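File shown: upload39.cif. Contents: mmCIF, N, CA and C atoms and all ligand atoms.
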data_final
loop_
_atom_site.group_PDB
_atom_site.id
_atom_site.type_symbol
_atom_site.label_atom_id
_atom_site.label_comp_id
_atom_site.auth_asym_id
_atom_site.auth_seq_id
_atom_site.Cartn_x
_atom_site.Cartn_y
_atom_site.Cartn_z
ATOM 1 N N MET A 1 -2.757 20.243 6.555
ATOM 2 C CA MET A 1 -2.511 19.418 5.379
ATOM 3 C C MET A 1 -1.502 18.329 5.734
ATOM 4 N N ILE A 2 -1.799 17.133 5.269
ATOM 5 C CA ILE A 2 -0.893 16.019 5.477
ATOM 6 C C ILE A 2 0.267 16.136 4.490
ATOM 7 N N ARG A 3 1.464 15.885 4.984
ATOM 8 C CA ARG A 3 2.638 15.876 4.116
ATOM 9 C C ARG A 3 3.183 14.455 4.092
ATOM 10 N N ILE A 4 3.457 13.971 2.899
ATOM 11 C CA ILE A 4 3.907 12.595 2.705
ATOM 12 C C ILE A 4 5.353 12.608 2.231
ATOM 13 N N GLU A 5 6.163 11.765 2.867
ATOM 14 C CA GLU A 5 7.572 11.647 2.501
ATOM 15 C C GLU A 5 7.708 10.662 1.349
ATOM 16 N N CYS A 6 7.843 11.181 0.145
ATOM 17 C CA CYS A 6 8.045 10.313 -1.025
ATOM 18 C C CYS A 6 9.516 9.894 -1.034
ATOM 19 N N PRO A 7 9.804 8.589 -1.210
ATOM 20 C CA PRO A 7 11.205 8.148 -1.227
ATOM 21 C C PRO A 7 12.014 8.769 -2.365
ATOM 22 N N VAL A 8 11.358 9.237 -3.418
ATOM 23 C CA VAL A 8 12.057 9.821 -4.558
ATOM 24 C C VAL A 8 12.112 11.349 -4.450
ATOM 25 N N CYS A 9 10.992 11.983 -4.146
ATOM 26 C CA CYS A 9 10.865 13.444 -4.210
ATOM 27 C C CYS A 9 11.047 14.141 -2.868
ATOM 28 N N GLY A 10 10.998 13.404 -1.775
ATOM 29 C CA GLY A 10 11.053 14.032 -0.465
ATOM 30 C C GLY A 10 9.653 14.389 0.013
ATOM 31 N N GLN A 11 9.575 15.283 0.987
ATOM 32 C CA GLN A 11 8.291 15.607 1.604
ATOM 33 C C GLN A 11 7.435 16.444 0.659
ATOM 34 N N ARG A 12 6.215 15.958 0.377
ATOM 35 C CA ARG A 12 5.317 16.608 -0.566
ATOM 36 C C ARG A 12 3.911 16.656 0.030
ATOM 37 N N PRO A 13 3.074 17.617 -0.415
ATOM 38 C CA PRO A 13 1.707 17.671 0.104
ATOM 39 C C PRO A 13 0.861 16.483 -0.365
ATOM 40 N N GLU A 14 -0.066 16.088 0.486
ATOM 41 C CA GLU A 14 -0.944 14.944 0.196
ATOM 42 C C GLU A 14 -1.716 15.138 -1.103
ATOM 43 N N THR A 15 -2.001 16.385 -1.480
ATOM 44 C CA THR A 15 -2.800 16.659 -2.681
ATOM 45 C C THR A 15 -2.107 16.189 -3.964
ATOM 46 N N GLU A 16 -0.819 15.904 -3.911
ATOM 47 C CA GLU A 16 -0.109 15.402 -5.093
ATOM 48 C C GLU A 16 -0.277 13.893 -5.267
ATOM 49 N N PHE A 17 -0.889 13.235 -4.282
ATOM 50 C CA PHE A 17 -0.998 11.776 -4.267
ATOM 51 C C PHE A 17 -2.451 11.346 -4.403
ATOM 52 N N THR A 18 -2.639 10.121 -4.861
ATOM 53 C CA THR A 18 -3.952 9.481 -4.776
ATOM 54 C C THR A 18 -3.805 8.200 -3.977
ATOM 55 N N TYR A 19 -4.835 7.902 -3.212
ATOM 56 C CA TYR A 19 -4.859 6.704 -2.394
ATOM 57 C C TYR A 19 -5.059 5.493 -3.285
ATOM 58 N N GLY A 20 -4.310 4.437 -3.035
ATOM 59 C CA GLY A 20 -4.382 3.254 -3.893
ATOM 60 C C GLY A 20 -4.892 2.004 -3.220
ATOM 61 N N GLY A 21 -5.213 2.074 -1.946
ATOM 62 C CA GLY A 21 -5.789 0.906 -1.293
ATOM 63 C C GLY A 21 -4.903 0.291 -0.230
ATOM 64 N N ASP A 22 -5.422 -0.790 0.303
ATOM 65 C CA ASP A 22 -4.801 -1.527 1.397
ATOM 66 C C ASP A 22 -3.558 -2.271 0.888
ATOM 67 N N ALA A 23 -2.412 -2.002 1.471
ATOM 68 C CA ALA A 23 -1.168 -2.642 1.027
ATOM 69 C C ALA A 23 -0.891 -3.947 1.767
ATOM 70 N N THR A 24 -1.826 -4.395 2.583
ATOM 71 C CA THR A 24 -1.607 -5.647 3.308
ATOM 72 C C THR A 24 -2.298 -6.820 2.617
ATOM 73 N N VAL A 25 -3.107 -6.533 1.600
ATOM 74 C CA VAL A 25 -3.854 -7.576 0.902
ATOM 75 C C VAL A 25 -2.965 -8.220 -0.156
ATOM 76 N N ARG A 26 -2.958 -9.524 -0.215
ATOM 77 C CA ARG A 26 -2.157 -10.252 -1.204
ATOM 78 C C ARG A 26 -3.072 -11.025 -2.145
ATOM 79 N N ARG A 27 -2.784 -10.902 -3.440
ATOM 80 C CA ARG A 27 -3.585 -11.597 -4.437
ATOM 81 C C ARG A 27 -3.338 -13.098 -4.330
ATOM 82 N N PRO A 28 -4.417 -13.911 -4.417
ATOM 83 C CA PRO A 28 -4.213 -15.367 -4.435
ATOM 84 C C PRO A 28 -3.439 -15.775 -5.685
ATOM 85 N N GLU A 29 -2.841 -16.936 -5.639
ATOM 86 C CA GLU A 29 -2.184 -17.470 -6.829
ATOM 87 C C GLU A 29 -3.198 -17.573 -7.962
ATOM 88 N N MET A 30 -2.756 -17.325 -9.196
ATOM 89 C CA MET A 30 -3.669 -17.331 -10.334
ATOM 90 C C MET A 30 -4.293 -18.711 -10.548
ATOM 91 N N THR A 31 -3.649 -19.737 -10.036
ATOM 92 C CA THR A 31 -4.181 -21.090 -10.189
ATOM 93 C C THR A 31 -5.194 -21.437 -9.097
ATOM 94 N N ASN A 32 -5.393 -20.530 -8.157
ATOM 95 C CA ASN A 32 -6.329 -20.770 -7.057
ATOM 96 C C ASN A 32 -7.763 -20.671 -7.585
ATOM 97 N N GLU A 33 -8.506 -21.753 -7.498
ATOM 98 C CA GLU A 33 -9.872 -21.786 -8.016
ATOM 99 C C GLU A 33 -10.916 -21.641 -6.922
ATOM 100 N N ASP A 34 -10.485 -21.360 -5.714
ATOM 101 C CA ASP A 34 -11.416 -21.198 -4.598
ATOM 102 C C ASP A 34 -12.097 -19.828 -4.701
ATOM 103 N N PRO A 35 -13.407 -19.774 -4.996
ATOM 104 C CA PRO A 35 -14.072 -18.481 -5.151
ATOM 105 C C PRO A 35 -14.020 -17.629 -3.878
ATOM 106 N N GLN A 36 -14.012 -18.267 -2.717
ATOM 107 C CA GLN A 36 -13.985 -17.502 -1.471
ATOM 108 C C GLN A 36 -12.676 -16.725 -1.334
ATOM 109 N N ALA A 37 -11.570 -17.318 -1.797
ATOM 110 C CA ALA A 37 -10.278 -16.618 -1.743
ATOM 111 C C ALA A 37 -10.319 -15.357 -2.605
ATOM 112 N N TRP A 38 -10.957 -15.444 -3.768
ATOM 113 C CA TRP A 38 -11.049 -14.282 -4.666
ATOM 114 C C TRP A 38 -12.034 -13.242 -4.141
ATOM 115 N N ILE A 39 -13.121 -13.696 -3.519
ATOM 116 C CA ILE A 39 -14.072 -12.752 -2.901
ATOM 117 C C ILE A 39 -13.356 -11.965 -1.813
ATOM 118 N N GLU A 40 -12.578 -12.677 -0.994
ATOM 119 C CA GLU A 40 -11.830 -11.998 0.070
ATOM 120 C C GLU A 40 -10.866 -10.975 -0.518
ATOM 121 N N TYR A 41 -10.179 -11.356 -1.588
ATOM 122 C CA TYR A 41 -9.184 -10.484 -2.201
ATOM 123 C C TYR A 41 -9.814 -9.243 -2.848
ATOM 124 N N VAL A 42 -10.910 -9.428 -3.550
ATOM 125 C CA VAL A 42 -11.497 -8.329 -4.329
ATOM 126 C C VAL A 42 -12.373 -7.419 -3.479
ATOM 127 N N PHE A 43 -13.193 -8.008 -2.588
ATOM 128 C CA PHE A 43 -14.234 -7.210 -1.948
ATOM 129 C C PHE A 43 -14.049 -6.935 -0.463
ATOM 130 N N MET A 44 -13.403 -7.810 0.269
ATOM 131 C CA MET A 44 -13.419 -7.710 1.724
ATOM 132 C C MET A 44 -12.225 -6.893 2.225
ATOM 133 N N ARG A 45 -12.527 -5.808 2.910
ATOM 134 C CA ARG A 45 -11.482 -4.962 3.482
ATOM 135 C C ARG A 45 -11.843 -4.653 4.930
ATOM 136 N N GLY A 46 -10.802 -4.540 5.728
ATOM 137 C CA GLY A 46 -10.998 -4.172 7.112
ATOM 138 C C GLY A 46 -11.127 -2.659 7.239
ATOM 139 N N ASN A 47 -11.434 -2.224 8.404
ATOM 140 C CA ASN A 47 -11.493 -0.797 8.693
ATOM 141 C C ASN A 47 -10.564 -0.560 9.875
ATOM 142 N N PRO A 48 -9.243 -0.573 9.615
ATOM 143 C CA PRO A 48 -8.284 -0.590 10.719
ATOM 144 C C PRO A 48 -8.293 0.700 11.533
ATOM 145 N N ARG A 49 -8.010 0.533 12.800
ATOM 146 C CA ARG A 49 -7.921 1.652 13.727
ATOM 147 C C ARG A 49 -6.465 1.704 14.186
ATOM 148 N N GLY A 50 -5.778 2.769 13.793
ATOM 149 C CA GLY A 50 -4.370 2.880 14.165
ATOM 150 C C GLY A 50 -3.487 2.788 12.931
ATOM 151 N N TRP A 51 -2.295 2.236 13.112
ATOM 152 C CA TRP A 51 -1.333 2.168 12.015
ATOM 153 C C TRP A 51 -1.767 1.185 10.954
ATOM 154 N N HIS A 52 -1.558 1.597 9.699
ATOM 155 C CA HIS A 52 -1.992 0.799 8.568
ATOM 156 C C HIS A 52 -1.047 1.027 7.402
ATOM 157 N N ARG A 53 -0.817 -0.015 6.599
ATOM 158 C CA ARG A 53 0.022 0.109 5.392
ATOM 159 C C ARG A 53 -0.881 0.305 4.187
ATOM 160 N N GLU A 54 -0.591 1.346 3.416
ATOM 161 C CA GLU A 54 -1.453 1.717 2.291
ATOM 162 C C GLU A 54 -0.618 2.005 1.050
ATOM 163 N N TYR A 55 -1.229 1.760 -0.113
ATOM 164 C CA TYR A 55 -0.627 2.181 -1.379
ATOM 165 C C TYR A 55 -1.032 3.618 -1.664
ATOM 166 N N TRP A 56 -0.068 4.421 -2.086
ATOM 167 C CA TRP A 56 -0.323 5.787 -2.542
ATOM 168 C C TRP A 56 0.450 5.976 -3.841
ATOM 169 N N HIS A 57 -0.161 6.701 -4.765
ATOM 170 C CA HIS A 57 0.451 6.953 -6.063
ATOM 171 C C HIS A 57 0.818 8.427 -6.145
ATOM 172 N N HIS A 58 2.083 8.719 -6.425
ATOM 173 C CA HIS A 58 2.519 10.112 -6.516
ATOM 174 C C HIS A 58 2.219 10.625 -7.924
ATOM 175 N N VAL A 59 0.956 10.893 -8.159
ATOM 176 C CA VAL A 59 0.446 11.242 -9.489
ATOM 177 C C VAL A 59 1.049 12.549 -9.997
ATOM 178 N N GLN A 60 1.169 13.535 -9.139
ATOM 179 C CA GLN A 60 1.658 14.842 -9.588
ATOM 180 C C GLN A 60 3.135 15.036 -9.255
ATOM 181 N N GLY A 61 3.843 13.938 -9.175
ATOM 182 C CA GLY A 61 5.272 14.018 -8.904
ATOM 183 C C GLY A 61 6.006 12.996 -9.751
ATOM 184 N N CYS A 62 6.686 12.076 -9.097
ATOM 185 C CA CYS A 62 7.509 11.088 -9.811
ATOM 186 C C CYS A 62 6.698 9.942 -10.397
ATOM 187 N N ARG A 63 5.390 9.875 -10.076
ATOM 188 C CA ARG A 63 4.470 8.844 -10.578
ATOM 189 C C ARG A 63 4.825 7.447 -10.074
ATOM 190 N N GLN A 64 5.547 7.381 -8.988
ATOM 191 C CA GLN A 64 5.870 6.087 -8.375
ATOM 192 C C GLN A 64 4.765 5.700 -7.406
ATOM 193 N N TRP A 65 4.548 4.395 -7.260
ATOM 194 C CA TRP A 65 3.673 3.862 -6.228
ATOM 195 C C TRP A 65 4.517 3.673 -4.976
ATOM 196 N N ILE A 66 3.986 4.075 -3.862
ATOM 197 C CA ILE A 66 4.698 3.889 -2.607
ATOM 198 C C ILE A 66 3.805 3.138 -1.619
ATOM 199 N N VAL A 67 4.436 2.495 -0.672
ATOM 200 C CA VAL A 67 3.735 1.888 0.457
ATOM 201 C C VAL A 67 4.025 2.779 1.647
ATOM 202 N N LEU A 68 2.962 3.270 2.225
ATOM 203 C CA LEU A 68 3.060 4.262 3.286
ATOM 204 C C LEU A 68 2.400 3.746 4.549
ATOM 205 N N GLU A 69 3.019 3.983 5.681
ATOM 206 C CA GLU A 69 2.387 3.672 6.961
ATOM 207 C C GLU A 69 1.675 4.936 7.431
ATOM 208 N N ARG A 70 0.376 4.794 7.704
ATOM 209 C CA ARG A 70 -0.411 5.955 8.136
ATOM 210 C C ARG A 70 -1.277 5.541 9.319
ATOM 211 N N ASN A 71 -1.349 6.413 10.310
ATOM 212 C CA ASN A 71 -2.206 6.167 11.459
ATOM 213 C C ASN A 71 -3.595 6.681 11.112
ATOM 214 N N THR A 72 -4.578 5.771 11.061
ATOM 215 C CA THR A 72 -5.923 6.164 10.639
ATOM 216 C C THR A 72 -6.654 6.997 11.689
ATOM 217 N N LEU A 73 -6.144 7.051 12.886
ATOM 218 C CA LEU A 73 -6.766 7.879 13.921
ATOM 219 C C LEU A 73 -6.211 9.300 13.915
ATOM 220 N N SER A 74 -4.895 9.416 13.847
ATOM 221 C CA SER A 74 -4.256 10.731 13.961
ATOM 222 C C SER A 74 -3.776 11.280 12.615
ATOM 223 N N HIS A 75 -3.813 10.460 11.574
ATOM 224 C CA HIS A 75 -3.277 10.792 10.237
ATOM 225 C C HIS A 75 -1.767 11.038 10.277
ATOM 226 N N GLU A 76 -1.125 10.587 11.342
ATOM 227 C CA GLU A 76 0.327 10.665 11.411
ATOM 228 C C GLU A 76 0.922 9.758 10.326
ATOM 229 N N ILE A 77 1.984 10.225 9.694
ATOM 230 C CA ILE A 77 2.628 9.485 8.618
ATOM 231 C C ILE A 77 3.895 8.826 9.153
ATOM 232 N N GLY A 78 4.064 7.566 8.833
ATOM 233 C CA GLY A 78 5.245 6.819 9.267
ATOM 234 C C GLY A 78 6.185 6.561 8.108
ATOM 235 N N GLN A 79 6.718 5.352 8.053
ATOM 236 C CA GLN A 79 7.668 4.957 7.017
ATOM 237 C C GLN A 79 7.014 4.926 5.638
ATOM 238 N N ALA A 80 7.802 5.254 4.625
ATOM 239 C CA ALA A 80 7.351 5.127 3.235
ATOM 240 C C ALA A 80 8.450 4.447 2.445
ATOM 241 N N GLU A 81 8.057 3.581 1.538
ATOM 242 C CA GLU A 81 9.023 2.926 0.662
ATOM 243 C C GLU A 81 8.385 2.730 -0.701
ATOM 244 N N LEU A 82 9.213 2.585 -1.716
ATOM 245 C CA LEU A 82 8.687 2.323 -3.047
ATOM 246 C C LEU A 82 7.972 0.980 -3.037
ATOM 247 N N ALA A 83 6.839 0.911 -3.719
ATOM 248 C CA ALA A 83 6.051 -0.323 -3.732
ATOM 249 C C ALA A 83 6.845 -1.477 -4.326
ATOM 250 N N ARG A 84 7.683 -1.186 -5.319
ATOM 251 C CA ARG A 84 8.474 -2.277 -5.918
ATOM 252 C C ARG A 84 9.448 -2.859 -4.903
ATOM 253 N N ASP A 85 10.023 -2.026 -4.021
ATOM 254 C CA ASP A 85 10.912 -2.529 -2.983
ATOM 255 C C ASP A 85 10.126 -3.348 -1.955
ATOM 256 N N ALA A 86 8.925 -2.891 -1.622
ATOM 257 C CA ALA A 86 8.079 -3.641 -0.686
ATOM 258 C C ALA A 86 7.695 -4.983 -1.281
ATOM 259 N N ALA A 87 7.416 -5.016 -2.596
ATOM 260 C CA ALA A 87 7.045 -6.275 -3.256
ATOM 261 C C ALA A 87 8.218 -7.246 -3.256
ATOM 262 N N ARG A 88 9.425 -6.726 -3.489
ATOM 263 C CA ARG A 88 10.608 -7.607 -3.463
ATOM 264 C C ARG A 88 10.802 -8.180 -2.063
ATOM 265 N N ALA A 89 10.663 -7.357 -1.047
ATOM 266 C CA ALA A 89 10.813 -7.830 0.327
ATOM 267 C C ALA A 89 9.742 -8.864 0.651
ATOM 268 N N TRP A 90 8.508 -8.639 0.162
ATOM 269 C CA TRP A 90 7.424 -9.578 0.388
ATOM 270 C C TRP A 90 7.728 -10.916 -0.264
ATOM 271 N N SER A 91 8.234 -10.901 -1.517
ATOM 272 C CA SER A 91 8.518 -12.162 -2.209
ATOM 273 C C SER A 91 9.653 -12.913 -1.528
ATOM 274 N N ARG A 92 10.637 -12.172 -0.979
ATOM 275 C CA ARG A 92 11.736 -12.845 -0.265
ATOM 276 C C ARG A 92 11.212 -13.541 0.991
ATOM 277 N N THR A 93 10.310 -12.883 1.735
ATOM 278 C CA THR A 93 9.784 -13.503 2.949
ATOM 279 C C THR A 93 8.843 -14.659 2.607
ATOM 280 N N SER A 94 8.126 -14.541 1.478
ATOM 281 C CA SER A 94 7.240 -15.634 1.055
ATOM 282 C C SER A 94 8.050 -16.860 0.663
ATOM 283 N N GLU A 95 9.177 -16.630 -0.051
ATOM 284 C CA GLU A 95 10.034 -17.744 -0.457
ATOM 285 C C GLU A 95 10.665 -18.394 0.769
ATOM 286 N N ALA A 96 11.061 -17.589 1.748
ATOM 287 C CA ALA A 96 11.697 -18.115 2.955
ATOM 288 C C ALA A 96 10.717 -18.975 3.755
ATOM 289 N N ALA A 97 9.422 -18.632 3.688
ATOM 290 C CA ALA A 97 8.413 -19.364 4.441
ATOM 291 C C ALA A 97 8.093 -20.708 3.806
ATOM 292 N N GLU A 98 8.406 -20.868 2.508
ATOM 293 C CA GLU A 98 8.092 -22.134 1.815
ATOM 294 C C GLU A 98 9.089 -23.219 2.140
HETATM 295 ZN ZN ZN B 1 7.569 11.219 -5.714
#

Written as structure tokens, how would this file's structure read?
Ligand SMILES: [Zn+2]
Amino acid sequence: MIRIECPVCGQRPETEFTYGGDATVRRPEMTNEDPQAWIEYVFMRGNPRGWHREYWHHVQGCRQWIVLERNTLSHEIGQAELARDAARAWSRTSEAAE
């Protein structure tokens, strides 16, 4: 059984979580009218081999969304952080790039 380190609850079994999708995908700006950008965002996903950042929801625990690093080959679990903290870090790097 995979055990996931929740930043709030500590190490918990995977069965308490639900998978929430690829955490590397960024939604286009709402003013973006390019249909291809929205097709990419909604439908197109990679099938990564190795380490990957994913959203997981701790449904049977603190109910927080977390961003988890997971190796898709070995199912090894890496760093985990609250999704809200990851979003803040993402917005800071996006602002710095502008
Ligand atoms: Zn938790």

Next on the checklist: For a test of reading the model, state the distance in Å between atom C of A:Arg26 and atom N of A:Thr72, rounded to one decimal.
Outcome noted: 21.4 Å

Checklist entry - What residues in chain A get the DSSP label strand (DSSP E or B)? Please answer as a ChimeraX atom specification. => result /A:3-6,10-13,18-22,51-57,65-71,77-82

Checklist entry - So which residues are near ligand ZN 1 (chain B), meaning at most 6 Å away with all atoms listed in the file counted, given back as a ChimeraX atom specification? => result /A:6-10,58,61-64

Export of the given selection (N, CA and C atoms) as a PDB file, keeping the file's coordinate frame:
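The result, stored in part35.pdb:
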ATOM      1  N   CYS A   6       7.843  11.181   0.145  1.00  0.00           N
ATOM      2  CA  CYS A   6       8.045  10.313  -1.025  1.00  0.00           C
ATOM      3  C   CYS A   6       9.516   9.894  -1.034  1.00  0.00           C
ATOM      4  N   PRO A   7       9.804   8.589  -1.210  1.00  0.00           N
ATOM      5  CA  PRO A   7      11.205   8.148  -1.227  1.00  0.00           C
ATOM      6  C   PRO A   7      12.014   8.769  -2.365  1.00  0.00           C
ATOM      7  N   VAL A   8      11.358   9.237  -3.418  1.00  0.00           N
ATOM      8  CA  VAL A   8      12.057   9.821  -4.558  1.00  0.00           C
ATOM      9  C   VAL A   8      12.112  11.349  -4.450  1.00  0.00           C
ATOM     10  N   CYS A   9      10.992  11.983  -4.146  1.00  0.00           N
ATOM     11  CA  CYS A   9      10.865  13.444  -4.210  1.00  0.00           C
ATOM     12  C   CYS A   9      11.047  14.141  -2.868  1.00  0.00           C
ATOM     13  N   GLY A  10      10.998  13.404  -1.775  1.00  0.00           N
ATOM     14  CA  GLY A  10      11.053  14.032  -0.465  1.00  0.00           C
ATOM     15  C   GLY A  10       9.653  14.389   0.013  1.00  0.00           C
ATOM     16  N   HIS A  58       2.083   8.719  -6.425  1.00  0.00           N
ATOM     17  CA  HIS A  58       2.519  10.112  -6.516  1.00  0.00           C
ATOM     18  C   HIS A  58       2.219  10.625  -7.924  1.00  0.00           C
ATOM     19  N   GLY A  61       3.843  13.938  -9.175  1.00  0.00           N
ATOM     20  CA  GLY A  61       5.272  14.018  -8.904  1.00  0.00           C
ATOM     21  C   GLY A  61       6.006  12.996  -9.751  1.00  0.00           C
ATOM     22  N   CYS A  62       6.686  12.076  -9.097  1.00  0.00           N
ATOM     23  CA  CYS A  62       7.509  11.088  -9.811  1.00  0.00           C
ATOM     24  C   CYS A  62       6.698   9.942 -10.397  1.00  0.00           C
ATOM     25  N   ARG A  63       5.390   9.875 -10.076  1.00  0.00           N
ATOM     26  CA  ARG A  63       4.470   8.844 -10.578  1.00  0.00           C
ATOM     27  C   ARG A  63       4.825   7.447 -10.074  1.00  0.00           C
ATOM     28  N   GLN A  64       5.547   7.381  -8.988  1.00  0.00           N
ATOM     29  CA  GLN A  64       5.870   6.087  -8.375  1.00  0.00           C
ATOM     30  C   GLN A  64       4.765   5.700  -7.406  1.00  0.00           C
TER      31      GLN A  64
END

Next on the checklist: So that I can check the surroundings of A:Gly21, please list as a list of chain:residue names every protein, DNA and RNA residue that reaches within 7 Å of it, counting all atoms listed in the file and ignoring chain neighbours fewer than 6 positions away.
Outcome noted: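 That gives A:Arg53, A:Glu54, A:Tyr55, A:Trp56.
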
Checklist entry - Applied to the shown file, which residues does the PyMOL selection byres (((chain A and resi 42 and name CA) around 12) and not hetatm and name CA) return, written as a PyMOL selection string? => result chain A and resi 21-22+25-28+35-41+43-45

Next on the checklist: As an exercise, work out the distance from atom N of A:Glu81 to atom C of A:Ala96 in Å and give it to one decimal place.
Outcome noted: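 So the two atoms, atom N of A:Glu81 and atom C of A:Ala96, lie 22.8 Å apart.
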
Next on the checklist: Evaluate the PyMOL selection byres (((chain A and resi 4 and name CA) around 7) and not hetatm and name CA) against this structure - the residues, as a VMD selection string, please.
Outcome noted: chain A and resid 2 to 3 5 to 6 11 to 14 77

Checklist entry - In Å, with one decimal, what is the gap from atom CA of A:Ser74 to atom CA of A:Gly50? => result 7.9 Å

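Residue nearest A:Ala80, chosen from A:Gly20, A:Ile66, A:Arg49, A:Glu95 and counting all atoms listed in the file: A:Ile66.
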